[in-house]
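So this block is structure16.cif, mmCIF, C-alpha atoms:
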```cif
data_model
loop_
_atom_site.group_PDB
_atom_site.id
_atom_site.type_symbol
_atom_site.label_atom_id
_atom_site.label_comp_id
_atom_site.auth_asym_id
_atom_site.auth_seq_id
_atom_site.Cartn_x
_atom_site.Cartn_y
_atom_site.Cartn_z
ATOM 1 C CA MET L 1 -16.723 -7.950 -5.842
ATOM 2 C CA LEU L 2 -20.525 -7.921 -6.140
ATOM 3 C CA LEU L 3 -20.983 -7.210 -2.455
ATOM 4 C CA THR L 4 -18.504 -4.325 -2.646
ATOM 5 C CA ALA L 5 -20.918 -2.671 -5.058
ATOM 6 C CA ILE L 6 -23.736 -3.104 -2.533
ATOM 7 C CA PHE L 7 -21.677 -1.514 0.207
ATOM 8 C CA ALA L 8 -20.678 1.385 -2.025
ATOM 9 C CA ARG L 9 -24.308 2.011 -2.971
ATOM 10 C CA GLY L 10 -25.419 1.919 0.673
ATOM 11 C CA ALA L 11 -22.545 3.936 2.145
ATOM 12 C CA GLY L 12 -23.306 7.306 3.594
ATOM 13 C CA ALA L 13 -22.728 9.630 6.476
ATOM 14 C CA GLY L 14 -24.010 7.904 9.540
ATOM 15 C CA ALA L 15 -21.370 8.260 12.233
ATOM 16 C CA ALA L 16 -23.813 9.823 14.690
ATOM 17 C CA VAL L 17 -26.344 7.049 14.183
ATOM 18 C CA ARG L 18 -23.569 4.448 14.374
ATOM 19 C CA ARG L 19 -22.426 5.857 17.725
ATOM 20 C CA ALA L 20 -26.025 5.908 18.921
ATOM 21 C CA LEU L 21 -26.406 2.207 18.173
ATOM 22 C CA HIS L 22 -23.408 1.412 20.436
ATOM 23 C CA SER L 23 -22.737 -1.528 18.153
ATOM 24 C CA SER L 24 -19.740 -3.734 18.808
ATOM 25 C CA ALA L 25 -18.862 -6.367 16.231
ATOM 26 C CA VAL L 26 -18.520 -10.060 16.965
ATOM 27 C CA ARG L 27 -16.889 -11.953 14.114
ATOM 28 C CA ASP L 28 -18.324 -15.365 13.310
ATOM 29 C CA PRO L 29 -15.814 -18.041 14.398
ATOM 30 C CA VAL L 30 -16.273 -19.782 11.047
ATOM 31 C CA ARG L 31 -14.368 -17.216 8.990
ATOM 32 C CA GLU L 32 -15.697 -18.508 5.658
ATOM 33 C CA THR L 33 -19.147 -17.160 6.508
ATOM 34 C CA GLY L 34 -17.836 -13.592 6.461
ATOM 35 C CA LEU L 35 -20.494 -12.681 9.017
ATOM 36 C CA TYR L 36 -20.279 -10.045 11.721
ATOM 37 C CA TYR L 37 -22.795 -9.533 14.505
ATOM 38 C CA HIS L 38 -23.433 -6.007 15.803
ATOM 39 C CA ALA L 39 -25.188 -5.475 19.137
ATOM 40 C CA LEU L 40 -28.248 -3.269 18.753
ATOM 41 C CA GLY L 41 -29.379 -3.512 22.380
ATOM 42 C CA ASP L 42 -31.954 -5.556 24.280
ATOM 43 C CA GLY L 43 -30.487 -8.829 22.980
ATOM 44 C CA GLU L 44 -30.942 -7.894 19.332
ATOM 45 C CA TRP L 45 -28.086 -8.181 16.836
ATOM 46 C CA ALA L 46 -27.629 -6.986 13.258
ATOM 47 C CA ILE L 47 -25.999 -9.565 10.970
ATOM 48 C CA SER L 48 -23.681 -8.005 8.420
ATOM 49 C CA LEU L 49 -20.811 -8.749 6.068
ATOM 50 C CA ARG L 50 -18.971 -5.656 7.351
ATOM 51 C CA ALA L 51 -16.883 -5.292 10.494
ATOM 52 C CA ASP L 52 -17.918 -1.681 11.054
ATOM 53 C CA ALA L 53 -21.232 -0.919 12.702
ATOM 54 C CA PRO L 54 -24.221 -0.215 10.452
ATOM 55 C CA ASP L 55 -25.602 3.311 10.245
ATOM 56 C CA ARG L 56 -29.002 1.962 11.218
ATOM 57 C CA PRO L 57 -30.550 -1.489 11.667
ATOM 58 C CA ASP L 58 -32.150 -1.413 8.200
ATOM 59 C CA SER L 59 -28.979 -0.350 6.343
ATOM 60 C CA PRO L 60 -28.580 -2.069 2.978
ATOM 61 C CA TRP L 61 -25.554 -3.981 4.250
ATOM 62 C CA VAL L 62 -27.424 -5.548 7.183
ATOM 63 C CA VAL L 63 -28.452 -9.028 6.056
ATOM 64 C CA GLY L 64 -30.936 -9.407 8.882
ATOM 65 C CA ARG L 65 -31.594 -9.089 12.591
ATOM 66 C CA LEU L 66 -31.431 -11.738 15.266
ATOM 67 C CA ALA L 67 -32.857 -11.755 18.806
ATOM 68 C CA VAL L 68 -30.443 -13.674 21.036
ATOM 69 C CA PRO L 69 -30.889 -14.778 24.671
ATOM 70 C CA ALA L 70 -28.407 -13.101 27.045
ATOM 71 C CA ALA L 71 -26.268 -16.176 27.779
ATOM 72 C CA VAL L 72 -25.893 -17.236 24.129
ATOM 73 C CA GLU L 73 -23.384 -16.040 21.531
ATOM 74 C CA PRO L 74 -24.999 -14.793 18.282
ATOM 75 C CA PRO L 75 -23.106 -17.225 15.981
ATOM 76 C CA ALA L 76 -24.191 -20.218 18.082
ATOM 77 C CA HIS L 77 -27.783 -18.984 18.171
ATOM 78 C CA LEU L 78 -27.828 -18.517 14.381
ATOM 79 C CA ARG L 79 -26.529 -22.050 13.808
ATOM 80 C CA ASN L 80 -29.021 -23.580 16.245
ATOM 81 C CA ARG L 81 -31.997 -21.505 15.097
ATOM 82 C CA PRO L 82 -31.404 -20.269 11.519
ATOM 83 C CA ASP L 83 -35.118 -19.603 11.036
ATOM 84 C CA SER L 84 -35.058 -16.989 13.797
ATOM 85 C CA VAL L 85 -33.432 -14.384 11.526
ATOM 86 C CA ARG L 86 -35.625 -11.485 10.426
ATOM 87 C CA LEU L 87 -34.295 -10.685 6.980
ATOM 88 C CA ASN L 88 -33.667 -7.107 5.899
ATOM 89 C CA ALA L 89 -35.532 -6.514 2.627
ATOM 90 C CA ARG L 90 -33.240 -3.579 1.758
ATOM 91 C CA PHE L 91 -30.178 -5.865 1.753
ATOM 92 C CA TRP L 92 -31.864 -8.432 -0.476
ATOM 93 C CA ASP L 93 -33.163 -5.747 -2.856
ATOM 94 C CA GLU L 94 -29.641 -4.305 -3.182
ATOM 95 C CA LEU L 95 -28.130 -7.753 -3.608
ATOM 96 C CA HIS L 96 -30.481 -8.567 -6.487
ATOM 97 C CA HIS L 97 -29.908 -5.129 -8.031
ATOM 98 C CA VAL L 98 -26.168 -5.856 -8.094
ATOM 99 C CA PHE L 99 -26.748 -9.364 -9.438
ATOM 100 C CA ARG L 100 -28.815 -7.941 -12.298
ATOM 101 C CA GLU L 101 -26.083 -5.380 -13.093
ATOM 102 C CA HIS L 102 -23.263 -7.953 -13.085
ATOM 103 C CA VAL L 103 -24.893 -11.263 -14.069
ATOM 104 C CA ALA L 104 -23.606 -11.044 -17.653
ATOM 105 C CA HIS L 105 -20.035 -11.230 -16.314
ATOM 106 C CA ASP L 106 -20.505 -14.442 -14.317
ATOM 107 C CA GLU L 107 -18.038 -16.942 -15.794
ATOM 108 C CA THR L 108 -20.079 -20.005 -14.862
ATOM 109 C CA LEU L 109 -23.187 -18.600 -16.552
ATOM 110 C CA GLN L 110 -21.138 -17.513 -19.581
ATOM 111 C CA PHE L 111 -19.790 -21.045 -19.919
ATOM 112 C CA GLU L 112 -23.295 -22.501 -19.715
ATOM 113 C CA ALA L 113 -24.594 -20.012 -22.300
ATOM 114 C CA ASN L 114 -21.774 -20.967 -24.667
ATOM 115 C CA MET L 115 -22.474 -24.666 -24.227
ATOM 116 C CA ARG L 116 -26.270 -24.531 -24.539
ATOM 117 C CA GLU L 117 -26.713 -21.524 -26.889
ATOM 118 C CA ASN L 118 -30.293 -20.658 -25.785
ATOM 119 C CA GLY L 119 -32.161 -21.141 -22.532
ATOM 120 C CA TRP L 120 -32.221 -20.212 -18.881
ATOM 121 C CA ALA L 121 -29.576 -20.647 -16.195
ATOM 122 C CA HIS L 122 -29.490 -20.170 -12.453
ATOM 123 C CA LEU L 123 -27.210 -17.841 -10.526
ATOM 124 C CA SER L 124 -26.478 -19.815 -7.372
ATOM 125 C CA ASP L 125 -24.124 -19.897 -4.423
ATOM 126 C CA MET L 126 -21.278 -22.360 -4.346
ATOM 127 C CA ARG L 127 -22.215 -24.384 -1.254
ATOM 128 C CA ASP L 128 -22.816 -27.441 -3.403
ATOM 129 C CA SER L 129 -20.564 -28.470 -6.270
ATOM 130 C CA LEU L 130 -22.467 -28.283 -9.528
ATOM 131 C CA HIS L 131 -22.251 -30.226 -12.717
ATOM 132 C CA LEU L 132 -22.877 -28.616 -16.086
ATOM 133 C CA VAL L 133 -26.562 -28.355 -16.991
ATOM 134 C CA ARG L 134 -27.622 -29.572 -13.540
ATOM 135 C CA THR L 135 -30.100 -27.541 -11.522
ATOM 136 C CA PRO L 136 -28.848 -26.387 -8.114
ATOM 137 C CA THR L 137 -30.995 -26.993 -5.055
ATOM 138 C CA PRO L 138 -33.769 -24.368 -4.837
ATOM 139 C CA ASP L 139 -32.389 -22.752 -1.675
ATOM 140 C CA SER L 140 -29.015 -22.245 -3.413
ATOM 141 C CA ILE L 141 -30.499 -20.292 -6.340
ATOM 142 C CA PHE L 142 -30.398 -16.502 -6.112
ATOM 143 C CA GLY L 143 -32.033 -15.930 -9.461
ATOM 144 C CA THR L 144 -32.470 -17.052 -13.042
ATOM 145 C CA VAL L 145 -31.393 -15.392 -16.273
ATOM 146 C CA ALA L 146 -31.975 -16.110 -19.963
ATOM 147 C CA PHE L 147 -29.357 -16.393 -22.656
ATOM 148 C CA VAL L 148 -29.996 -16.118 -26.372
ATOM 149 C CA GLU L 149 -27.466 -17.021 -29.042
ATOM 150 C CA ARG L 150 -24.864 -17.581 -26.312
ATOM 151 C CA LYS L 151 -25.352 -14.083 -24.831
ATOM 152 C CA ILE L 152 -26.664 -13.527 -21.303
ATOM 153 C CA ASP L 153 -29.513 -11.008 -21.213
ATOM 154 C CA PRO L 154 -29.360 -9.212 -17.815
ATOM 155 C CA SER L 155 -32.803 -7.661 -18.374
ATOM 156 C CA THR L 156 -34.323 -11.148 -17.967
ATOM 157 C CA TYR L 157 -32.887 -11.666 -14.469
ATOM 158 C CA GLU L 158 -35.575 -12.898 -12.077
ATOM 159 C CA ARG L 159 -34.899 -13.246 -8.366
ATOM 160 C CA ASN L 160 -35.736 -16.498 -6.630
ATOM 161 C CA PRO L 161 -38.384 -15.907 -3.950
ATOM 162 C CA ILE L 162 -37.559 -19.164 -2.130
ATOM 163 C CA GLY L 163 -35.804 -18.492 1.160
ATOM 164 C CA MET L 164 -36.556 -14.791 0.989
ATOM 165 C CA ALA L 165 -39.453 -14.916 3.401
ATOM 166 C CA GLN L 166 -39.314 -12.834 6.566
ATOM 167 C CA SER L 167 -37.371 -15.524 8.386
ATOM 168 C CA GLY L 168 -34.637 -17.884 7.354
ATOM 169 C CA ILE L 169 -31.477 -17.379 5.352
#
```

As structure tokens, what does this structure read like?
Amino acid sequence: MLLTAIFARGAGAGAAVRRALHSSAVRDPVRETGLYYHALGDGEWAISLRADAPDRPDSPWVVGRLAVPAAVEPPAHLRNRPDSVRLNARFWDELHHVFREHVAHDETLQFEANMRENGWAHLSDMRDSLHLVRTPTPDSIFGTVAFVERKIDPSTYERNPIGMAQSGI
């Protein structure tokens, strides 16, 4: 749902560029990741959540780029060397823009706001099961938002800079 908004914001006419990239998608064998790898040439791959080729390597729906040796499959390379990803700042900027727009509708955060009344809560991924009022691991936190009188205030959303360096996912 949130990522659909990112894709809609980043969609545009780019068929000519897409053809020029000669990108063919490789779906990650672990389907839960939702990742697709698009060949950009010279052993470089764009990592995306879409099956169709990106308009350009820095499209907002390209999570990052990965240089892969010729004899290695991109998913295997990513698992063995996760720090080798060069993140796409445009994707992460769009992702956080969508989070800010929709954070007030997150049911987990709404529940926490209702239970605690005032404070701050973290928007995090669901890799680790969480317990109420427990802080997720830092690399699982996308951002933090305040709630006042049981209402989430989207204007207070702050993105988490951890893990958003030029390499690493």

Report as an mmCIF file with C-alpha atoms, in the coordinates of the input the full result of the PyMOL selection byres ((chain L and resi 124) around 12) when it is applied to this structure.
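Written output follows (result36.cif):
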```cif
data_model
loop_
_atom_site.group_PDB
_atom_site.id
_atom_site.type_symbol
_atom_site.label_atom_id
_atom_site.label_comp_id
_atom_site.auth_asym_id
_atom_site.auth_seq_id
_atom_site.Cartn_x
_atom_site.Cartn_y
_atom_site.Cartn_z
ATOM 1 C CA HIS L 96 -30.481 -8.567 -6.487
ATOM 2 C CA PHE L 99 -26.748 -9.364 -9.438
ATOM 3 C CA VAL L 103 -24.893 -11.263 -14.069
ATOM 4 C CA ASP L 106 -20.505 -14.442 -14.317
ATOM 5 C CA THR L 108 -20.079 -20.005 -14.862
ATOM 6 C CA LEU L 109 -23.187 -18.600 -16.552
ATOM 7 C CA ALA L 121 -29.576 -20.647 -16.195
ATOM 8 C CA HIS L 122 -29.490 -20.170 -12.453
ATOM 9 C CA LEU L 123 -27.210 -17.841 -10.526
ATOM 10 C CA ASP L 125 -24.124 -19.897 -4.423
ATOM 11 C CA MET L 126 -21.278 -22.360 -4.346
ATOM 12 C CA ARG L 127 -22.215 -24.384 -1.254
ATOM 13 C CA ASP L 128 -22.816 -27.441 -3.403
ATOM 14 C CA SER L 129 -20.564 -28.470 -6.270
ATOM 15 C CA LEU L 130 -22.467 -28.283 -9.528
ATOM 16 C CA ARG L 134 -27.622 -29.572 -13.540
ATOM 17 C CA THR L 135 -30.100 -27.541 -11.522
ATOM 18 C CA PRO L 136 -28.848 -26.387 -8.114
ATOM 19 C CA THR L 137 -30.995 -26.993 -5.055
ATOM 20 C CA PRO L 138 -33.769 -24.368 -4.837
ATOM 21 C CA ASP L 139 -32.389 -22.752 -1.675
ATOM 22 C CA SER L 140 -29.015 -22.245 -3.413
ATOM 23 C CA ILE L 141 -30.499 -20.292 -6.340
ATOM 24 C CA PHE L 142 -30.398 -16.502 -6.112
ATOM 25 C CA GLY L 143 -32.033 -15.930 -9.461
ATOM 26 C CA THR L 144 -32.470 -17.052 -13.042
ATOM 27 C CA VAL L 145 -31.393 -15.392 -16.273
ATOM 28 C CA ARG L 159 -34.899 -13.246 -8.366
ATOM 29 C CA ASN L 160 -35.736 -16.498 -6.630
#
```

Open item on the list: Between CA of Ile47 (chain L) and CA of Val72 (chain L), what distance in Å does the model show, to one decimal?
Closed with: 15.2 Å

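Against the coordinates shown, the PyMOL selection byres ((chain L and resi 69) around 12) returns Gly41, Asp42, Gly43, Glu44, Trp45, Leu66, Ala67, Val68, Ala70, Ala71, Val72, Glu73, Pro74, Pro75, Ala76, His77, Leu78, Arg81 and Ser84 of chain L.
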
- [ ] In the coordinate frame of the file, compute which residues have an atom within 9 Å of (-33.0, -13.0, 11.7) when using only C-alpha atoms, and state them as a VMD selection string.
- [x] chain L and resid 45 to 47 63 to 67 78 82 to 88 166 to 169

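Between CA of Pro60 (chain L) and CA of Glu101 (chain L) there is a distance of 16.6 Å.
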
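When only C-alpha atoms are used to measure the gap to Trp92 (chain L), the shortest distance among L:Ile152, L:Ala146, L:Val62, L:Ala51 belongs to L:Val62.
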
Open item on the list: Would you compute the distance between CA of Glu32 (chain L) and CA of Leu95 (chain L)? Give it in Å to one decimal.
Closed with: 18.9 Å

Task: Residues in the PyMOL selection byres ((chain L and resi 147-150) around 9), expressed as an NGL selection string - done: :L and (109-121 or 145-146 or 151-154 or 156)

Axis-aligned box over every listed atom of region 147-157 of chain L, padded by 4 Å per side: centre and edges in Å to one decimal, as AutoDock Vina command-line options?
```
--center_x -29.6 --center_y -12.6 --center_z -21.8 --size_x 17.5 --size_y 17.9 --size_z 22.6
```

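Distance check against Val98 (chain L) using only C-alpha atoms: of L:Asp55, L:Ala25, L:Ile162, L:Tyr157, the minimum falls on L:Tyr157.
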
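For the residues L:His102, L:Arg90, L:Arg79, L:His97, ranking by smallest atom-to-atom distance to Thr33 (chain L) using only C-alpha atoms places L:Arg79 first.
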
May I have the residues within 7 Å of Arg50 (chain L) as a PDB file with C-alpha atoms, in the coordinates of the input, using only C-alpha atoms and disregarding those fewer than 2 positions away in the same chain?
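Contents of the output file out-v5.pdb:
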```
ATOM      1  CA  TYR L  36     -20.279 -10.045  11.721  1.00  0.00           C
ATOM      2  CA  SER L  48     -23.681  -8.005   8.420  1.00  0.00           C
ATOM      3  CA  ASP L  52     -17.918  -1.681  11.054  1.00  0.00           C
TER       4      ASP L  52
END
```
